[in-house]
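Source file target-v2.pdb; content: PDB, C-alpha atoms, pLDDT in the B column.
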MODEL        1
ATOM      1  CA  MET W 700     148.740 109.530 210.856  1.00 72.00           C
ATOM      2  CA  LYS W 701     149.633 109.797 214.495  1.00 85.00           C
ATOM      3  CA  LEU W 702     151.002 113.162 215.586  1.00 90.00           C
ATOM      4  CA  THR W 703     154.240 112.722 217.487  1.00 94.00           C
ATOM      5  CA  THR W 704     156.091 115.303 219.535  1.00 96.00           C
ATOM      6  CA  LYS W 705     158.370 115.781 216.517  1.00 96.00           C
ATOM      7  CA  HIS W 706     155.336 116.608 214.357  1.00 97.00           C
ATOM      8  CA  VAL W 707     153.910 119.068 216.885  1.00 97.00           C
ATOM      9  CA  VAL W 708     157.270 120.829 217.155  1.00 98.00           C
ATOM     10  CA  ALA W 709     157.544 120.918 213.343  1.00 98.00           C
ATOM     11  CA  ILE W 710     154.061 122.452 213.109  1.00 98.00           C
ATOM     12  CA  GLY W 711     154.955 125.121 215.676  1.00 98.00           C
ATOM     13  CA  ILE W 712     158.279 126.010 214.086  1.00 98.00           C
ATOM     14  CA  GLY W 713     156.934 125.799 210.529  1.00 98.00           C
ATOM     15  CA  ALA W 714     153.840 127.894 211.262  1.00 98.00           C
ATOM     16  CA  ALA W 715     155.880 130.546 213.078  1.00 98.00           C
ATOM     17  CA  LEU W 716     158.436 130.714 210.252  1.00 98.00           C
ATOM     18  CA  TYR W 717     155.682 130.813 207.641  1.00 97.00           C
ATOM     19  CA  GLY W 718     153.812 133.545 209.509  1.00 96.00           C
ATOM     20  CA  VAL W 719     156.882 135.731 209.885  1.00 96.00           C
ATOM     21  CA  LEU W 720     158.421 135.066 206.454  1.00 96.00           C
ATOM     22  CA  SER W 721     155.091 135.809 204.763  1.00 94.00           C
ATOM     23  CA  ALA W 722     155.632 139.420 205.784  1.00 92.00           C
ATOM     24  CA  VAL W 723     158.509 139.424 203.293  1.00 92.00           C
ATOM     25  CA  SER W 724     156.549 139.770 200.088  1.00 90.00           C
ATOM     26  CA  LEU W 725     156.557 141.506 196.749  1.00 92.00           C
ATOM     27  CA  PRO W 726     153.174 142.862 195.588  1.00 90.00           C
ATOM     28  CA  ILE W 727     152.433 141.495 192.093  1.00 90.00           C
ATOM     29  CA  GLY W 728     148.676 141.960 191.648  1.00 82.00           C
ATOM     30  CA  PRO W 729     145.441 143.023 193.336  1.00 81.00           C
ATOM     31  CA  ASN W 730     145.888 141.981 196.995  1.00 80.00           C
ATOM     32  CA  THR W 731     148.363 139.351 195.762  1.00 86.00           C
ATOM     33  CA  SER W 732     152.073 139.041 196.419  1.00 89.00           C
ATOM     34  CA  LEU W 733     155.014 136.764 195.786  1.00 92.00           C
ATOM     35  CA  ARG W 734     156.035 135.173 199.095  1.00 94.00           C
ATOM     36  CA  ILE W 735     159.195 133.159 199.564  1.00 95.00           C
ATOM     37  CA  ALA W 736     157.514 131.573 202.602  1.00 96.00           C
ATOM     38  CA  ILE W 737     155.618 129.290 200.192  1.00 97.00           C
ATOM     39  CA  ALA W 738     158.833 127.251 199.942  1.00 97.00           C
ATOM     40  CA  LEU W 739     158.367 126.284 203.600  1.00 98.00           C
ATOM     41  CA  LEU W 740     155.106 124.510 202.736  1.00 98.00           C
ATOM     42  CA  THR W 741     157.033 122.290 200.338  1.00 97.00           C
ATOM     43  CA  ILE W 742     159.780 121.593 202.863  1.00 98.00           C
ATOM     44  CA  PHE W 743     157.603 120.913 205.917  1.00 98.00           C
ATOM     45  CA  GLY W 744     154.992 118.981 203.936  1.00 98.00           C
ATOM     46  CA  ALA W 745     157.604 116.773 202.282  1.00 98.00           C
ATOM     47  CA  LEU W 746     159.586 116.147 205.462  1.00 97.00           C
ATOM     48  CA  PHE W 747     156.641 115.539 207.817  1.00 97.00           C
ATOM     49  CA  GLY W 748     153.612 114.592 205.700  1.00 97.00           C
ATOM     50  CA  PRO W 749     150.267 116.033 204.567  1.00 97.00           C
ATOM     51  CA  LEU W 750     148.809 116.836 207.990  1.00 97.00           C
ATOM     52  CA  VAL W 751     151.877 118.777 209.116  1.00 98.00           C
ATOM     53  CA  GLY W 752     152.053 120.571 205.757  1.00 98.00           C
ATOM     54  CA  PHE W 753     148.367 121.493 206.021  1.00 98.00           C
ATOM     55  CA  LEU W 754     148.699 122.805 209.573  1.00 98.00           C
ATOM     56  CA  VAL W 755     151.888 124.761 208.853  1.00 98.00           C
ATOM     57  CA  GLY W 756     150.091 126.511 205.983  1.00 98.00           C
ATOM     58  CA  PHE W 757     146.828 126.985 207.864  1.00 98.00           C
ATOM     59  CA  ILE W 758     148.244 128.236 211.158  1.00 98.00           C
ATOM     60  CA  GLY W 759     151.123 130.147 209.560  1.00 98.00           C
ATOM     61  CA  HIS W 760     148.906 132.011 207.103  1.00 97.00           C
ATOM     62  CA  ALA W 761     146.342 132.791 209.824  1.00 98.00           C
ATOM     63  CA  LEU W 762     149.156 134.138 212.031  1.00 97.00           C
ATOM     64  CA  ASN W 763     150.448 136.323 209.226  1.00 96.00           C
ATOM     65  CA  ASP W 764     146.991 137.695 208.405  1.00 95.00           C
ATOM     66  CA  THR W 765     146.447 138.518 212.064  1.00 96.00           C
ATOM     67  CA  MET W 766     149.835 140.199 212.473  1.00 94.00           C
ATOM     68  CA  MET W 767     149.806 142.097 209.186  1.00 92.00           C
ATOM     69  CA  TYR W 768     146.128 142.937 208.690  1.00 91.00           C
ATOM     70  CA  GLY W 769     144.380 142.440 212.026  1.00 93.00           C
ATOM     71  CA  GLY W 770     141.975 139.881 210.556  1.00 94.00           C
ATOM     72  CA  ILE W 771     142.024 136.533 208.790  1.00 96.00           C
ATOM     73  CA  TRP W 772     141.021 135.949 205.164  1.00 93.00           C
ATOM     74  CA  TRP W 773     140.075 132.266 205.494  1.00 95.00           C
ATOM     75  CA  SER W 774     139.867 131.388 201.813  1.00 95.00           C
ATOM     76  CA  TRP W 775     143.531 132.308 201.330  1.00 94.00           C
ATOM     77  CA  VAL W 776     144.472 130.569 204.568  1.00 96.00           C
ATOM     78  CA  MET W 777     142.989 127.452 202.956  1.00 96.00           C
ATOM     79  CA  LEU W 778     145.055 128.146 199.845  1.00 95.00           C
ATOM     80  CA  SER W 779     148.274 127.892 201.869  1.00 96.00           C
ATOM     81  CA  ALA W 780     146.966 124.874 203.779  1.00 97.00           C
ATOM     82  CA  MET W 781     146.144 123.003 200.556  1.00 97.00           C
ATOM     83  CA  ILE W 782     149.624 123.613 199.155  1.00 97.00           C
ATOM     84  CA  GLY W 783     151.272 122.252 202.315  1.00 97.00           C
ATOM     85  CA  PHE W 784     148.837 119.327 202.346  1.00 98.00           C
ATOM     86  CA  SER W 785     149.511 118.314 198.751  1.00 97.00           C
ATOM     87  CA  MET W 786     153.286 118.593 199.102  1.00 97.00           C
ATOM     88  CA  GLY W 787     153.067 116.193 202.043  1.00 97.00           C
ATOM     89  CA  PHE W 788     151.879 113.341 199.839  1.00 97.00           C
ATOM     90  CA  ILE W 789     155.473 112.639 198.795  1.00 97.00           C
ATOM     91  CA  LYS W 790     156.042 111.440 202.365  1.00 95.00           C
ATOM     92  CA  LEU W 791     153.674 108.545 201.654  1.00 94.00           C
ATOM     93  CA  ASP W 792     156.277 107.169 199.217  1.00 96.00           C
ATOM     94  CA  LYS W 793     158.305 104.916 201.515  1.00 95.00           C
ATOM     95  CA  THR W 794     161.360 105.220 199.265  1.00 96.00           C
ATOM     96  CA  PHE W 795     161.473 109.019 199.775  1.00 96.00           C
ATOM     97  CA  ASP W 796     163.820 109.929 202.630  1.00 95.00           C
ATOM     98  CA  PRO W 797     165.795 113.137 202.061  1.00 94.00           C
ATOM     99  CA  GLU W 798     166.850 113.186 205.713  1.00 92.00           C
ATOM    100  CA  ASN W 799     168.918 110.087 204.911  1.00 92.00           C
ATOM    101  CA  GLY W 800     170.025 111.268 201.484  1.00 92.00           C
ATOM    102  CA  ILE W 801     167.372 109.418 199.479  1.00 94.00           C
ATOM    103  CA  LEU W 802     165.714 111.615 196.843  1.00 95.00           C
ATOM    104  CA  ASN W 803     165.836 110.517 193.220  1.00 95.00           C
ATOM    105  CA  LYS W 804     164.448 111.716 189.871  1.00 96.00           C
ATOM    106  CA  LYS W 805     161.178 109.844 190.433  1.00 97.00           C
ATOM    107  CA  HIS W 806     160.690 111.725 193.700  1.00 96.00           C
ATOM    108  CA  ILE W 807     161.462 115.063 192.047  1.00 97.00           C
ATOM    109  CA  VAL W 808     158.867 114.395 189.334  1.00 97.00           C
ATOM    110  CA  LYS W 809     156.327 113.462 192.016  1.00 98.00           C
ATOM    111  CA  LEU W 810     157.097 116.678 193.913  1.00 97.00           C
ATOM    112  CA  TYR W 811     156.360 118.746 190.806  1.00 97.00           C
ATOM    113  CA  ILE W 812     153.143 116.797 190.184  1.00 97.00           C
ATOM    114  CA  TYR W 813     152.036 117.288 193.801  1.00 97.00           C
ATOM    115  CA  ALA W 814     152.869 120.988 193.472  1.00 96.00           C
ATOM    116  CA  ILE W 815     150.609 121.307 190.418  1.00 96.00           C
ATOM    117  CA  ILE W 816     147.811 119.381 192.148  1.00 95.00           C
ATOM    118  CA  GLY W 817     148.240 121.519 195.259  1.00 94.00           C
ATOM    119  CA  MET W 818     148.097 124.748 193.284  1.00 95.00           C
ATOM    120  CA  ILE W 819     144.863 123.625 191.588  1.00 95.00           C
ATOM    121  CA  LEU W 820     143.264 122.602 194.905  1.00 92.00           C
ATOM    122  CA  ALA W 821     144.470 125.840 196.496  1.00 94.00           C
ATOM    123  CA  GLY W 822     142.985 127.921 193.690  1.00 95.00           C
ATOM    124  CA  ILE W 823     139.640 126.146 194.000  1.00 94.00           C
ATOM    125  CA  ALA W 824     139.596 126.734 197.772  1.00 93.00           C
ATOM    126  CA  ALA W 825     140.427 130.422 197.356  1.00 94.00           C
ATOM    127  CA  TYR W 826     137.837 130.875 194.602  1.00 96.00           C
ATOM    128  CA  ILE W 827     135.017 129.200 196.537  1.00 96.00           C
ATOM    129  CA  GLY W 828     135.834 131.144 199.680  1.00 95.00           C
ATOM    130  CA  ASP W 829     136.245 134.528 198.014  1.00 96.00           C
ATOM    131  CA  VAL W 830     133.283 134.353 195.635  1.00 96.00           C
ATOM    132  CA  PHE W 831     130.722 132.362 197.617  1.00 95.00           C
ATOM    133  CA  PHE W 832     131.531 133.337 201.205  1.00 94.00           C
ATOM    134  CA  TYR W 833     133.106 136.793 200.910  1.00 94.00           C
ATOM    135  CA  GLY W 834     131.122 137.944 197.861  1.00 95.00           C
ATOM    136  CA  GLU W 835     134.194 139.064 195.914  1.00 95.00           C
ATOM    137  CA  PRO W 836     133.822 139.661 192.168  1.00 95.00           C
ATOM    138  CA  SER W 837     134.604 136.490 190.239  1.00 96.00           C
ATOM    139  CA  ASN W 838     136.753 138.237 187.598  1.00 94.00           C
ATOM    140  CA  LYS W 839     139.007 139.821 190.249  1.00 93.00           C
ATOM    141  CA  VAL W 840     139.366 136.502 192.077  1.00 95.00           C
ATOM    142  CA  TRP W 841     140.384 134.678 188.866  1.00 94.00           C
ATOM    143  CA  ILE W 842     143.118 137.260 188.281  1.00 94.00           C
ATOM    144  CA  GLN W 843     144.340 136.917 191.877  1.00 94.00           C
ATOM    145  CA  ILE W 844     144.337 133.121 191.645  1.00 95.00           C
ATOM    146  CA  LEU W 845     146.199 133.116 188.330  1.00 95.00           C
ATOM    147  CA  ILE W 846     148.859 135.472 189.676  1.00 94.00           C
ATOM    148  CA  ALA W 847     149.127 133.658 193.040  1.00 94.00           C
ATOM    149  CA  THR W 848     149.278 130.220 191.415  1.00 95.00           C
ATOM    150  CA  THR W 849     152.032 131.301 189.051  1.00 95.00           C
ATOM    151  CA  SER W 850     154.119 132.936 191.770  1.00 95.00           C
ATOM    152  CA  ASN W 851     153.533 130.087 194.239  1.00 96.00           C
ATOM    153  CA  PHE W 852     154.642 127.538 191.653  1.00 96.00           C
ATOM    154  CA  VAL W 853     157.743 129.601 190.828  1.00 96.00           C
ATOM    155  CA  VAL W 854     158.691 129.719 194.527  1.00 97.00           C
ATOM    156  CA  THR W 855     157.939 126.015 195.005  1.00 97.00           C
ATOM    157  CA  ALA W 856     159.880 124.993 191.891  1.00 96.00           C
ATOM    158  CA  GLY W 857     162.702 127.504 192.393  1.00 96.00           C
ATOM    159  CA  LEU W 858     163.216 127.332 196.178  1.00 97.00           C
ATOM    160  CA  GLY W 859     161.175 124.611 197.894  1.00 97.00           C
ATOM    161  CA  ILE W 860     162.020 121.579 195.782  1.00 97.00           C
ATOM    162  CA  PRO W 861     165.688 122.604 195.290  1.00 97.00           C
ATOM    163  CA  ALA W 862     165.983 122.990 199.094  1.00 97.00           C
ATOM    164  CA  LEU W 863     164.853 119.385 199.521  1.00 96.00           C
ATOM    165  CA  ILE W 864     167.315 118.247 196.845  1.00 96.00           C
ATOM    166  CA  MET W 865     170.171 120.083 198.588  1.00 96.00           C
ATOM    167  CA  LEU W 866     169.167 118.572 201.944  1.00 94.00           C
ATOM    168  CA  ALA W 867     169.235 115.073 200.473  1.00 93.00           C
ATOM    169  CA  ARG W 868     172.595 115.673 198.775  1.00 92.00           C
ATOM    170  CA  ARG W 869     174.097 117.022 201.983  1.00 91.00           C
ATOM    171  CA  LYS W 870     172.816 114.071 203.983  1.00 85.00           C
ATOM    172  CA  SER W 871     174.002 111.511 201.408  1.00 81.00           C
ATOM    173  CA  LYS W 872     177.559 112.901 201.584  1.00 73.00           C
ATOM    174  CA  HIS W 873     177.661 112.406 205.362  1.00 63.00           C
ATOM    175  CA  LYS W 874     175.759 109.120 205.458  1.00 60.00           C
ATOM    176  CA  ASN W 875     178.763 106.809 205.445  1.00 54.00           C
ATOM    177  CA  LEU W 876     180.853 108.646 208.020  1.00 44.00           C
ATOM    178  CA  THR W 877     181.817 106.739 211.137  1.00 46.00           C
ATOM    179  CA  ALA W 878     183.439 107.791 214.383  1.00 44.00           C
ATOM    180  CA  GLU W 879     186.913 106.419 215.017  1.00 48.00           C
TER     181      GLU W 879
ENDMDL
END

Would you give me this structure, written as structure tokens?
Amino acid sequence: MKLTTKHVVAIGIGAALYGVLSAVSLPIGPNTSLRIAIALLTIFGALFGPLVGFLVGFIGHALNDTMMYGGIWWSWVMLSAMIGFSMGFIKLDKTFDPENGILNKKHIVKLYIYAIIGMILAGIAAYIGDVFFYGEPSNKVWIQILIATTSNFVVTAGLGIPALIMLARRKSKHKNLTAE
């Protein structure tokens, strides 16, 4: 994939939004919180592809860690990056084009499948990083991953994918308008 100016701008805006919105969180477990910002990984990944989704998650999470905690927890940065990356695979389907009102049931099913795959890959990345690089106790990490995966999927399924559906519906209503 070639990065265009549009992609670079999307990465900058997406990462900044993700970094700031990640501060809005609800603690739900040991060092784990529900973050509505996860929905942005679905939106930016789906609209701009896997690389943009990855970088929005990677840069955005690193920004948030730096702003909120003064340091970066790389294994969880990779968790966000993997979610954005996996959600971007829908962009490889040439029939998927929510910006022109094209998003059907097949696309929605694919989005949910990519979300599940992304959550699994994200959990593996977080586990490897926490246990093997940071030396965290395996039992604690499994609990964190289970809680994070559940909340991330809820946000993706409840906000991210519906936002894409609404975008496509809005665009399809205005698609046939002409200037007189």

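For the pair CA of Thr741 (chain W) and CA of Pro797 (chain W), the interatomic distance is 12.8 Å.
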
Assuming the chain letters and numbering stay as they are in my file, what does the PyMOL selection byres ((chain W and resi 775) around 9) actually select? List them as a VMD selection string.
chain W and resid 760 to 761 771 to 774 776 to 780 821 to 822 824 to 826 828 to 829

Could those residues be written to a file, using C-alpha atoms, as a CSV table (one decimal), in the frame of the given file?
chain,number,residue,atom,x,y,z
W,760,HIS,CA,148.9,132.0,207.1
W,761,ALA,CA,146.3,132.8,209.8
W,771,ILE,CA,142.0,136.5,208.8
W,772,TRP,CA,141.0,135.9,205.2
W,773,TRP,CA,140.1,132.3,205.5
W,774,SER,CA,139.9,131.4,201.8
W,776,VAL,CA,144.5,130.6,204.6
W,777,MET,CA,143.0,127.5,203.0
W,778,LEU,CA,145.1,128.1,199.8
W,779,SER,CA,148.3,127.9,201.9
W,780,ALA,CA,147.0,124.9,203.8
W,821,ALA,CA,144.5,125.8,196.5
W,822,GLY,CA,143.0,127.9,193.7
W,824,ALA,CA,139.6,126.7,197.8
W,825,ALA,CA,140.4,130.4,197.4
W,826,TYR,CA,137.8,130.9,194.6
W,828,GLY,CA,135.8,131.1,199.7
W,829,ASP,CA,136.2,134.5,198.0

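The gap separating CA of Thr794 (chain W) from CA of Ile860 (chain W) is 16.7 Å, in Å to one decimal.
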
Around the point (146.7, 123.5, 199.0), in the coordinates given by the file, pick out the residues reaching within 12 Å, counting all atoms listed in the file, and return them as a PyMOL selection string.
chain W and resi 737+740-741+744+749-750+752-757+760+774-788+813-825+848+851-852

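Distance annotation: of W:Gly748, W:Gly718, W:Gly711, W:Pro861, the residue with the minimal separation from Asp764 (chain W) is W:Gly718; atom set is only C-alpha atoms.
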